[in-house]
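Below is the file input-v5.csv, which contains CSV, C-alpha atoms and all ligand atoms.
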chain,number,residue,atom,x,y,z
A,1,MET,CA,129.1,211.9,113.5
A,2,SER,CA,126.8,212.0,116.4
A,3,VAL,CA,124.7,209.0,115.1
A,4,THR,CA,127.7,206.8,115.4
A,5,LYS,CA,129.1,208.3,118.5
A,6,GLY,CA,127.0,206.6,121.2
A,7,THR,CA,123.6,205.0,121.9
A,8,GLY,CA,123.3,207.3,125.0
A,9,GLU,CA,122.3,210.2,122.6
A,10,THR,CA,119.1,208.5,121.5
A,11,GLY,CA,116.3,211.1,121.4
A,12,ASP,CA,118.7,214.0,121.1
A,13,ALA,CA,117.2,215.4,117.9
A,14,THR,CA,120.1,217.6,116.8
A,15,PRO,CA,119.9,219.0,113.2
A,16,SER,CA,122.7,216.5,112.2
A,17,ASN,CA,120.6,213.6,113.3
A,18,ALA,CA,117.5,214.9,111.6
A,19,ARG,CA,119.3,215.2,108.3
A,20,THR,CA,120.7,211.7,108.6
A,21,VAL,CA,117.2,210.3,109.3
A,22,ALA,CA,115.8,212.1,106.3
A,23,ILE,CA,118.6,210.7,104.0
A,24,VAL,CA,118.0,207.2,105.2
A,25,ALA,CA,114.2,207.6,104.7
A,26,LEU,CA,114.8,208.8,101.1
A,27,VAL,CA,117.1,205.9,100.4
A,28,ILE,CA,114.5,203.4,101.7
A,29,ALA,CA,111.8,205.0,99.6
A,30,ALA,CA,114.0,204.9,96.5
A,31,VAL,CA,114.8,201.2,97.0
A,32,VAL,CA,111.1,200.3,97.5
A,33,THR,CA,110.0,202.3,94.5
A,34,SER,CA,112.6,200.7,92.2
A,35,ALA,CA,111.8,197.2,93.5
A,36,TYR,CA,108.2,197.8,92.6
A,37,PHE,CA,109.0,198.8,89.0
A,38,VAL,CA,111.5,196.0,88.6
A,39,GLY,CA,108.9,193.5,89.9
A,40,ARG,CA,106.3,194.7,87.4
A,41,MET,CA,108.7,194.5,84.5
A,42,ALA,CA,109.9,191.0,85.6
A,43,GLY,CA,106.3,189.9,85.9
A,44,THR,CA,105.5,191.0,82.4
A,45,ASP,CA,108.6,189.3,80.9
A,46,THR,CA,108.4,186.0,82.7
A,47,GLY,CA,104.6,185.6,82.9
A,48,GLY,CA,104.6,182.9,80.1
A,49,ARG,CA,107.4,180.9,81.7
A,50,VAL,CA,105.7,180.9,85.1
A,51,THR,CA,102.5,179.6,83.5
A,52,MET,CA,104.4,176.8,81.6
A,53,ALA,CA,106.2,175.8,84.8
A,54,PHE,CA,102.9,174.9,86.4
A,55,PRO,CA,100.7,174.0,83.4
A,56,THR,CA,98.2,171.9,85.3
A,57,ASP,CA,97.5,174.8,87.7
A,58,SER,CA,96.7,177.2,84.9
A,59,PRO,CA,93.0,177.8,84.6
A,60,THR,CA,93.4,179.3,81.1
A,61,PRO,CA,95.9,177.3,79.2
A,62,SER,CA,94.9,178.9,75.9
A,63,LYS,CA,96.2,182.2,77.2
A,64,ARG,CA,99.7,180.8,77.8
A,65,ALA,CA,102.5,182.6,76.0
A,66,PRO,CA,103.6,180.7,72.9
A,67,ARG,CA,106.6,178.4,73.3
A,68,PRO,CA,109.9,179.3,71.6
A,69,ALA,CA,110.3,177.7,68.2
A,70,ALA,CA,113.1,175.4,69.5
A,71,GLN,CA,110.8,173.9,72.1
A,72,ARG,CA,107.9,173.4,69.7
A,73,GLN,CA,110.1,171.4,67.3
A,74,ARG,CA,111.4,169.0,69.9
A,75,PRO,CA,110.2,165.4,68.9
A,76,VAL,CA,107.5,164.0,71.2
A,77,VAL,CA,108.4,160.3,70.7
A,78,ALA,CA,112.0,159.0,70.8
A,79,ARG,CA,113.1,157.6,67.5
A,80,LEU,CA,112.8,153.8,67.2
A,81,PRO,CA,116.0,151.8,66.6
A,82,ALA,CA,116.5,150.4,63.1
A,83,VAL,CA,115.3,146.9,62.6
A,84,GLN,CA,118.0,144.4,61.7
A,85,PRO,CA,116.7,141.7,59.4
A,86,ILE,CA,117.8,138.2,60.3
A,87,THR,CA,117.9,136.8,56.8
A,88,GLY,CA,120.7,137.3,54.4
A,89,PRO,CA,124.3,136.0,54.1
A,90,ASN,CA,125.7,137.7,57.2
A,91,ARG,CA,122.6,137.6,59.4
A,92,PRO,CA,123.2,138.7,63.0
A,93,PRO,CA,121.7,136.7,65.9
A,94,LEU,CA,118.1,137.4,66.8
A,95,PRO,CA,117.5,140.3,69.2
A,96,ALA,CA,116.8,139.0,72.7
A,97,GLU,CA,113.2,138.1,73.4
A,98,ARG,CA,111.9,136.0,76.4
A,99,GLY,CA,108.2,136.3,76.0
A,100,GLY,CA,107.4,132.6,76.2
A,101,PRO,CA,107.1,130.3,79.2
A,102,TYR,CA,110.1,130.4,81.6
A,103,GLY,CA,111.8,132.9,79.4
A,104,SER,CA,111.6,130.9,76.2
A,105,ARG,CA,111.5,132.7,72.9
A,106,LYS,CA,108.1,133.4,71.5
A,107,THR,CA,108.7,135.6,68.5
A,108,THR,CA,111.6,136.3,66.1
A,109,GLY,CA,112.0,139.8,67.6
A,110,THR,CA,112.2,141.1,64.0
A,111,PRO,CA,109.4,141.7,61.4
A,112,GLU,CA,110.2,138.3,59.9
A,113,VAL,CA,108.0,135.2,60.3
A,114,ALA,CA,109.5,131.8,61.2
A,115,LEU,CA,107.8,128.6,60.2
A,116,THR,CA,108.7,125.6,62.4
A,117,PHE,CA,108.0,121.9,61.8
A,118,ASP,CA,108.1,119.5,64.7
A,119,ASP,CA,108.5,115.8,65.4
A,120,GLY,CA,110.3,114.7,62.3
A,121,PRO,CA,111.8,113.6,60.2
A,122,HIS,CA,109.0,111.5,58.7
A,123,PRO,CA,109.6,109.3,55.6
A,124,THR,CA,106.6,110.6,53.7
A,125,HIS,CA,105.5,114.0,55.1
A,126,THR,CA,109.0,115.5,55.6
A,127,PRO,CA,109.9,115.1,51.8
A,128,GLN,CA,106.5,116.6,50.9
A,129,THR,CA,107.1,119.5,53.2
A,130,LEU,CA,110.6,120.1,51.9
A,131,ALA,CA,109.3,120.0,48.3
A,132,LEU,CA,106.7,122.7,49.0
A,133,LEU,CA,109.2,124.9,50.8
A,134,ARG,CA,111.6,124.6,47.9
A,135,LYS,CA,108.8,125.5,45.4
A,136,TYR,CA,108.2,128.8,47.2
A,137,GLY,CA,111.8,129.4,48.1
A,138,ILE,CA,111.1,129.4,51.8
A,139,LYS,CA,113.5,128.5,54.6
A,140,ALA,CA,112.1,127.1,57.9
A,141,THR,CA,113.2,125.5,61.1
A,142,PHE,CA,112.8,121.7,61.9
A,143,CYS,CA,112.6,120.5,65.5
A,144,LEU,CA,113.8,116.9,65.3
A,145,VAL,CA,113.2,113.9,67.6
A,146,GLY,CA,116.3,111.9,68.3
A,147,VAL,CA,114.9,108.4,67.5
A,148,ASN,CA,113.5,109.7,64.1
A,149,VAL,CA,116.9,111.2,63.4
A,150,MET,CA,118.5,107.8,63.9
A,151,ALA,CA,115.8,106.2,61.7
A,152,TYR,CA,116.1,108.7,58.8
A,153,PRO,CA,119.5,110.4,58.9
A,154,ARG,CA,119.4,111.1,55.1
A,155,LEU,CA,116.4,113.2,55.6
A,156,VAL,CA,118.2,115.2,58.3
A,157,ARG,CA,121.0,115.8,55.8
A,158,THR,CA,118.5,116.9,53.1
A,159,ILE,CA,116.8,119.3,55.6
A,160,ALA,CA,120.2,120.9,56.4
A,161,ALA,CA,121.3,120.9,52.7
A,162,ASP,CA,118.2,122.8,51.8
A,163,GLY,CA,119.2,125.6,54.2
A,164,HIS,CA,116.8,125.0,57.0
A,165,THR,CA,117.7,125.4,60.6
A,166,LEU,CA,117.8,122.4,62.9
A,167,CYS,CA,116.3,122.3,66.4
A,168,ASN,CA,116.4,119.7,69.2
A,169,HIS,CA,113.0,118.2,70.1
A,170,SER,CA,114.3,115.7,72.7
A,171,TRP,CA,115.3,112.1,72.2
A,172,ARG,CA,111.9,110.4,72.1
A,173,HIS,CA,109.4,113.2,72.4
A,174,ASP,CA,109.3,113.2,76.1
A,175,THR,CA,106.6,115.6,77.3
A,176,LYS,CA,107.8,115.1,80.9
A,177,LEU,CA,111.4,115.7,80.3
A,178,GLY,CA,111.2,119.0,82.1
A,179,LEU,CA,110.2,117.2,85.4
A,180,ARG,CA,113.3,115.0,85.4
A,181,SER,CA,116.6,115.6,87.1
A,182,ARG,CA,118.9,118.1,85.5
A,183,PRO,CA,121.5,115.4,84.7
A,184,ASP,CA,118.8,113.3,83.0
A,185,ILE,CA,117.7,116.3,81.0
A,186,ARG,CA,121.2,117.1,80.0
A,187,THR,CA,121.9,113.5,78.9
A,188,ASP,CA,118.7,113.5,76.7
A,189,LEU,CA,119.5,116.8,75.0
A,190,LEU,CA,123.1,116.0,74.4
A,191,ARG,CA,122.2,112.6,73.0
A,192,THR,CA,119.8,114.2,70.6
A,193,ASN,CA,122.2,116.9,69.5
A,194,LYS,CA,124.9,114.3,69.0
A,195,ALA,CA,122.6,112.2,66.7
A,196,ILE,CA,121.6,115.3,64.7
A,197,MET,CA,125.2,116.4,64.2
A,198,ALA,CA,126.2,112.8,63.3
A,199,ALA,CA,123.5,112.7,60.7
A,200,ALA,CA,124.3,116.1,59.2
A,201,PRO,CA,128.0,116.8,60.0
A,202,GLY,CA,128.9,120.5,60.2
A,203,THR,CA,125.5,121.5,61.4
A,204,ARG,CA,124.8,123.3,64.7
A,205,VAL,CA,121.8,122.9,67.0
A,206,SER,CA,121.1,126.2,68.7
A,207,TYR,CA,117.4,125.7,69.6
A,208,TYR,CA,115.5,123.4,71.8
A,209,ARG,CA,111.8,123.0,71.8
A,210,GLN,CA,110.1,121.1,74.6
A,211,PRO,CA,107.5,118.5,73.5
A,212,GLY,CA,104.0,119.5,74.3
A,213,GLY,CA,105.2,123.0,75.3
A,214,ALA,CA,105.7,121.5,78.8
A,215,TRP,CA,108.4,123.9,79.7
A,216,THR,CA,110.0,124.0,83.2
A,217,ALA,CA,112.7,126.3,84.6
A,218,ALA,CA,115.0,123.3,84.7
A,219,ILE,CA,114.7,122.4,81.0
A,220,VAL,CA,115.1,126.0,79.9
A,221,GLY,CA,118.2,126.3,82.1
A,222,VAL,CA,119.8,123.1,80.9
A,223,ALA,CA,119.1,124.0,77.2
A,224,ARG,CA,120.8,127.4,77.9
A,225,GLU,CA,123.8,125.7,79.5
A,226,LEU,CA,124.1,123.6,76.3
A,227,GLY,CA,124.0,126.8,74.1
A,228,MET,CA,120.4,126.3,73.0
A,229,THR,CA,117.7,128.9,72.9
A,230,SER,CA,114.4,127.5,74.2
A,231,LEU,CA,112.0,128.0,71.3
A,232,HIS,CA,108.3,128.5,72.0
A,233,TRP,CA,105.8,129.8,69.4
A,234,THR,CA,103.3,132.5,68.7
A,235,VAL,CA,100.8,130.8,66.4
A,236,ASP,CA,99.5,127.3,67.0
A,237,PRO,CA,96.8,125.9,64.7
A,238,GLN,CA,96.7,122.6,66.6
A,239,ASP,CA,97.4,120.7,63.4
A,240,TRP,CA,98.4,117.6,65.5
A,241,ARG,CA,94.7,117.3,66.3
A,242,LYS,CA,94.0,116.9,62.6
A,243,PRO,CA,91.4,119.6,62.3
A,244,GLY,CA,91.6,119.6,58.5
A,245,ALA,CA,93.6,121.6,56.0
A,246,GLY,CA,91.0,124.4,55.9
A,247,SER,CA,91.2,125.0,59.6
A,248,ILE,CA,95.0,124.8,59.8
A,249,ALA,CA,95.4,127.2,56.9
A,250,GLY,CA,92.7,129.5,58.2
A,251,THR,CA,94.2,129.8,61.6
A,252,VAL,CA,97.7,130.4,60.4
A,253,ASN,CA,96.8,132.8,57.7
A,254,ALA,CA,94.5,134.8,60.0
A,255,SER,CA,96.7,134.8,63.2
A,256,THR,CA,100.2,135.3,61.8
A,257,THR,CA,101.6,138.8,62.4
A,258,ARG,CA,105.0,140.3,62.1
A,259,GLY,CA,107.6,138.4,64.2
A,260,ALA,CA,105.4,135.3,64.6
A,261,ILE,CA,106.9,131.9,65.1
A,262,VAL,CA,104.4,129.4,63.6
A,263,LEU,CA,104.1,125.9,65.1
A,264,LEU,CA,103.4,123.1,62.5
A,265,HIS,CA,104.1,119.4,62.4
A,266,ASP,CA,105.7,117.3,59.6
A,267,ALA,CA,105.6,114.1,61.6
A,268,GLY,CA,104.1,112.5,64.7
A,269,GLY,CA,101.0,111.1,62.9
A,270,ASP,CA,99.1,111.6,59.7
A,271,ARG,CA,100.1,115.0,58.5
A,272,ARG,CA,98.3,115.1,55.1
A,273,GLY,CA,96.2,118.0,56.5
A,274,THR,CA,99.2,120.0,57.3
A,275,VAL,CA,100.9,119.4,54.0
A,276,ALA,CA,97.6,120.3,52.2
A,277,ALA,CA,97.4,123.5,54.3
A,278,LEU,CA,100.9,124.5,53.3
A,279,ARG,CA,99.6,124.9,49.7
A,280,SER,CA,97.6,127.9,51.0
A,281,ILE,CA,99.9,129.0,53.9
A,282,LEU,CA,103.1,129.3,51.9
A,283,PRO,CA,101.8,131.6,49.1
A,284,ASN,CA,99.7,133.6,51.6
A,285,LEU,CA,102.3,134.3,54.2
A,286,SER,CA,105.2,134.7,51.7
A,287,HIS,CA,103.1,137.4,50.0
A,288,ARG,CA,102.6,139.3,53.2
A,289,PHE,CA,105.8,138.7,55.2
A,290,ARG,CA,109.4,137.7,54.8
A,291,LEU,CA,109.7,134.1,56.0
A,292,CYS,CA,113.0,133.0,57.4
A,293,ALA,CA,114.8,130.1,59.0
A,294,LEU,CA,115.9,131.1,62.5
A,295,PRO,CA,119.7,131.9,62.5
A,296,PRO,CA,121.5,128.6,63.0
A,297,GLY,CA,123.6,130.1,65.7
A,298,VAL,CA,127.1,129.6,66.9
A,299,ASP,CA,128.7,127.5,69.6
A,300,PRO,CA,128.5,129.1,73.0
A,301,PRO,CA,131.8,130.8,74.0
A,302,ARG,CA,133.9,129.1,76.6
A,303,LEU,CA,136.7,130.3,78.9
A,304,HIS,CA,138.8,127.8,80.8
A,305,GLY,CA,136.1,125.2,80.4
A,306,ARG,CA,133.3,127.4,81.7
A,307,GLU,CA,130.5,128.7,79.6
A,308,LEU,CA,130.3,132.4,79.2
A,309,PRO,CA,127.0,134.3,78.6
A,310,LEU,CA,125.7,133.4,75.3
A,311,LYS,CA,125.5,135.7,72.2
A,312,PRO,CA,122.9,138.4,72.2
A,313,GLY,CA,119.5,136.9,71.5
A,314,GLN,CA,120.5,133.5,72.7
A,315,VAL,CA,118.5,133.6,75.9
B,401,ZN,ZN,106.4,117.6,69.2

Hey, can you dump this file as C-alpha cells for me?
Amino acid sequence: MSVTKGTGETGDATPSNARTVAIVALVIAAVVTSAYFVGRMAGTDTGGRVTMAFPTDSPTPSKRAPRPAAQRQRPVVARLPAVQPITGPNRPPLPAERGGPYGSRKTTGTPEVALTFDDGPHPTHTPQTLALLRKYGIKATFCLVGVNVMAYPRLVRTIAADGHTLCNHSWRHDTKLGLRSRPDIRTDLLRTNKAIMAAAPGTRVSYYRQPGGAWTAAIVGVARELGMTSLHWTVDPQDWRKPGAGSIAGTVNASTTRGAIVLLHDAGGDRRGTVAALRSILPNLSHRFRLCALPPGVDPPRLHGRELPLKPGQV
C-alpha cells in the first residue's frame, strides 16, 4: 500500500491514495453522524436524571422528570429508637444524659417524671410526704443529709422500705463542698453513704445531689469515682423560699414536661407549704405522666481494685 510505504510520497495523488482518503472521510462522517444521534437519544433518556443531580441549578423544578417509585417511598426522617421505660421489675439503667452543670443529670432521659425530695429526713414532714406518696402509689427519690440520717435512721429505713430511691446530699448540707479538696469531698460523700447504708442495710446510693446546686468539676468527678450519678433537676419551684402551696403547685404543674426531674424539699425548714402543694401536684402529675423513682443502680464494676467505666447512664 502506497500510503504506508513512505512519507516521501506525500502529495503523490495516485488513484490508490485518493481511494484511501475517500474511505477515511466516509468513516469519519459515519462516526460523527452516529455520535450525534446517540447523543440526542442519550439526552432524551437521561434528561431527568441530569436535572435531579443539580436540583438547585434547575430554573424550572416543576418540569423535572418524576422520581422512580422506589425513591419517592424512601423515608425522609430516620426512625427514632424505641423508648425504654425505667420503671418495672427489671428496669434498665437510665439512658445517658449530661445536660446539667458539669455534666450532671438534668432529666430522666425517658418520658417518665422523677420527683425528688431534699434535705431529709425530717421527723414531721418526711412521714407526711411518705403518706401522700403512698396514697397515690408514687415512688420518688430522697436526697438525704448525713446528720439527719444519723438522727432519724428509722425514717431512712421507711423511705427505702416504701420503694423510694436514696440519694446522697452531703454530710451536713455543705453548699461549699465542691470547693474543697478532692480528699475532703471524698471523705464527706463516703461518710454520708456509710450512714445511709448503716441506717437501711442492703440499700445502694447511686446518686449525689450537691446542696444549693453549687456543682463543681471536682465534686462531679469524685461522685463519679464513688459510683454516683450527679443529680441536678429540671423543675425548681423554689419551695425552700416558702412561696406558699399555690405557688409551688402552680410552678410544678405548669412546668413539668416529659423526662423532668422535679426538685422539692421535705426538710430543711418549715415544709407545710410543700406538703400541701403535694395534694395538688401528685394527682395532677400522675394523671399526665408516669412518675418514677430513679433506678437505685448497681455498685460500680471494679477490676483489680480499679474502677471501670460505670454502667450506661451512670455519668
Ligand atoms: Zn438541699

**Study point:** Spatial neighbours of stretch 114-130 of chain A, max dist 9 Å, all atoms listed in the file, sep filter under 6 positions, as a ChimeraX atom specification
**Key:** /A:107-108,139-146,148-149,151-153,155-156,158-159,162,167,169,173,209,211,233,259-268,270-272,274-275,278,290-294

Restricting the output to C-alpha atoms, write the selected residues as a PDB file, in the frame of the given file.
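Saved as again-v2.pdb:
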ATOM      1  CA  THR A 107     108.700 135.600  68.500  1.00  0.00           C
ATOM      2  CA  THR A 108     111.600 136.300  66.100  1.00  0.00           C
ATOM      3  CA  LYS A 139     113.500 128.500  54.600  1.00  0.00           C
ATOM      4  CA  ALA A 140     112.100 127.100  57.900  1.00  0.00           C
ATOM      5  CA  THR A 141     113.200 125.500  61.100  1.00  0.00           C
ATOM      6  CA  PHE A 142     112.800 121.700  61.900  1.00  0.00           C
ATOM      7  CA  CYS A 143     112.600 120.500  65.500  1.00  0.00           C
ATOM      8  CA  LEU A 144     113.800 116.900  65.300  1.00  0.00           C
ATOM      9  CA  VAL A 145     113.200 113.900  67.600  1.00  0.00           C
ATOM     10  CA  GLY A 146     116.300 111.900  68.300  1.00  0.00           C
ATOM     11  CA  ASN A 148     113.500 109.700  64.100  1.00  0.00           C
ATOM     12  CA  VAL A 149     116.900 111.200  63.400  1.00  0.00           C
ATOM     13  CA  ALA A 151     115.800 106.200  61.700  1.00  0.00           C
ATOM     14  CA  TYR A 152     116.100 108.700  58.800  1.00  0.00           C
ATOM     15  CA  PRO A 153     119.500 110.400  58.900  1.00  0.00           C
ATOM     16  CA  LEU A 155     116.400 113.200  55.600  1.00  0.00           C
ATOM     17  CA  VAL A 156     118.200 115.200  58.300  1.00  0.00           C
ATOM     18  CA  THR A 158     118.500 116.900  53.100  1.00  0.00           C
ATOM     19  CA  ILE A 159     116.800 119.300  55.600  1.00  0.00           C
ATOM     20  CA  ASP A 162     118.200 122.800  51.800  1.00  0.00           C
ATOM     21  CA  CYS A 167     116.300 122.300  66.400  1.00  0.00           C
ATOM     22  CA  HIS A 169     113.000 118.200  70.100  1.00  0.00           C
ATOM     23  CA  HIS A 173     109.400 113.200  72.400  1.00  0.00           C
ATOM     24  CA  ARG A 209     111.800 123.000  71.800  1.00  0.00           C
ATOM     25  CA  PRO A 211     107.500 118.500  73.500  1.00  0.00           C
ATOM     26  CA  TRP A 233     105.800 129.800  69.400  1.00  0.00           C
ATOM     27  CA  GLY A 259     107.600 138.400  64.200  1.00  0.00           C
ATOM     28  CA  ALA A 260     105.400 135.300  64.600  1.00  0.00           C
ATOM     29  CA  ILE A 261     106.900 131.900  65.100  1.00  0.00           C
ATOM     30  CA  VAL A 262     104.400 129.400  63.600  1.00  0.00           C
ATOM     31  CA  LEU A 263     104.100 125.900  65.100  1.00  0.00           C
ATOM     32  CA  LEU A 264     103.400 123.100  62.500  1.00  0.00           C
ATOM     33  CA  HIS A 265     104.100 119.400  62.400  1.00  0.00           C
ATOM     34  CA  ASP A 266     105.700 117.300  59.600  1.00  0.00           C
ATOM     35  CA  ALA A 267     105.600 114.100  61.600  1.00  0.00           C
ATOM     36  CA  GLY A 268     104.100 112.500  64.700  1.00  0.00           C
ATOM     37  CA  ASP A 270      99.100 111.600  59.700  1.00  0.00           C
ATOM     38  CA  ARG A 271     100.100 115.000  58.500  1.00  0.00           C
ATOM     39  CA  ARG A 272      98.300 115.100  55.100  1.00  0.00           C
ATOM     40  CA  THR A 274      99.200 120.000  57.300  1.00  0.00           C
ATOM     41  CA  VAL A 275     100.900 119.400  54.000  1.00  0.00           C
ATOM     42  CA  LEU A 278     100.900 124.500  53.300  1.00  0.00           C
ATOM     43  CA  ARG A 290     109.400 137.700  54.800  1.00  0.00           C
ATOM     44  CA  LEU A 291     109.700 134.100  56.000  1.00  0.00           C
ATOM     45  CA  CYS A 292     113.000 133.000  57.400  1.00  0.00           C
ATOM     46  CA  ALA A 293     114.800 130.100  59.000  1.00  0.00           C
ATOM     47  CA  LEU A 294     115.900 131.100  62.500  1.00  0.00           C
TER      48      LEU A 294
END

Practice item. Around the point (102.8, 134.0, 57.3), in the coordinates given by the file, pick out the residues reaching within 7 Å, counting only C-alpha atoms, and return them as a list in words. Key: Val113, Val252, Asn253, Thr256, Ile281, Asn284, Leu285, Ser286, Arg288 and Phe289 of chain A

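In this structure, atom CA of A:Pro295 sits 13.4 Å away from atom CA of A:Gly227.
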
Study note, to complete from the structure: Among A:Arg258, A:Arg172, A:Arg98, A:Arg182, ligand ZN 401 (chain B) is approached most closely, using all atoms listed in the file, by A:Arg172

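With all atoms listed in the file as the atoms that count, the minimum distance from A:His287 to the choices A:Gly103, A:Pro95, A:Gly212, A:Gly137 is reached by A:Gly137.
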
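Each of A:Tyr102, A:Trp171, A:Ala245, A:Gly213 was compared to A:Thr187 using only C-alpha atoms, and A:Trp171 turns out to be the nearest.
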
Please list as a short mmCIF file (atom, residue, chain, number, x, y, z; two decimals) with C-alpha atoms, in the coordinates of the input every residue within 12 Å of A:Ser181, counting only C-alpha atoms and excluding residues in the same chain fewer than 3 positions away.
data_model
loop_
_atom_site.label_atom_id
_atom_site.label_comp_id
_atom_site.auth_asym_id
_atom_site.auth_seq_id
_atom_site.Cartn_x
_atom_site.Cartn_y
_atom_site.Cartn_z
CA LYS A 176 107.80 115.10 80.90
CA LEU A 177 111.40 115.70 80.30
CA GLY A 178 111.20 119.00 82.10
CA ASP A 184 118.80 113.30 83.00
CA ILE A 185 117.70 116.30 81.00
CA ARG A 186 121.20 117.10 80.00
CA THR A 187 121.90 113.50 78.90
CA ASP A 188 118.70 113.50 76.70
CA THR A 216 110.00 124.00 83.20
CA ALA A 217 112.70 126.30 84.60
CA ALA A 218 115.00 123.30 84.70
CA ILE A 219 114.70 122.40 81.00
CA GLY A 221 118.20 126.30 82.10
CA VAL A 222 119.80 123.10 80.90
#

Review point. Given the choices A:Thr234, A:Lys135, A:Thr175, A:Thr229, which gets closest to ligand ZN 401 (chain B) if the distance is worked out from all atoms listed in the file?
Key: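 Smallest separation from ligand ZN 401 (chain B) among the options: A:Thr175.
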
Point to revise | Nearest-residue call for ligand ZN 401 (chain B), choices A:Pro183, A:Ser170, A:Ser230, A:Ala198, using only C-alpha atoms and all ligand atoms | key: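 Nearest to ligand ZN 401 (chain B): A:Ser170.
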
Check your understanding: Between atom ZN of ligand ZN 401 (chain B) and atom CA of A:Pro237, what is the distance, to one decimal in Å?
Key ->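 Pair atom ZN of ligand ZN 401 (chain B) / atom CA of A:Pro237 returns 13.5 Å.
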
Exercise for review: Identify which of the residues A:Asp174, A:Pro296, A:Trp215, A:Ser255 lies closest to ligand ZN 401 (chain B), counting all atoms listed in the file when measuring atom-to-atom distances.
Suggested key: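 For ligand ZN 401 (chain B), the nearest of the candidates is A:Asp174.
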
Check your understanding: Hey, can you check how far atom CA of A:His164 sits from atom CA of A:Leu231?
Key -> 15.4 Å
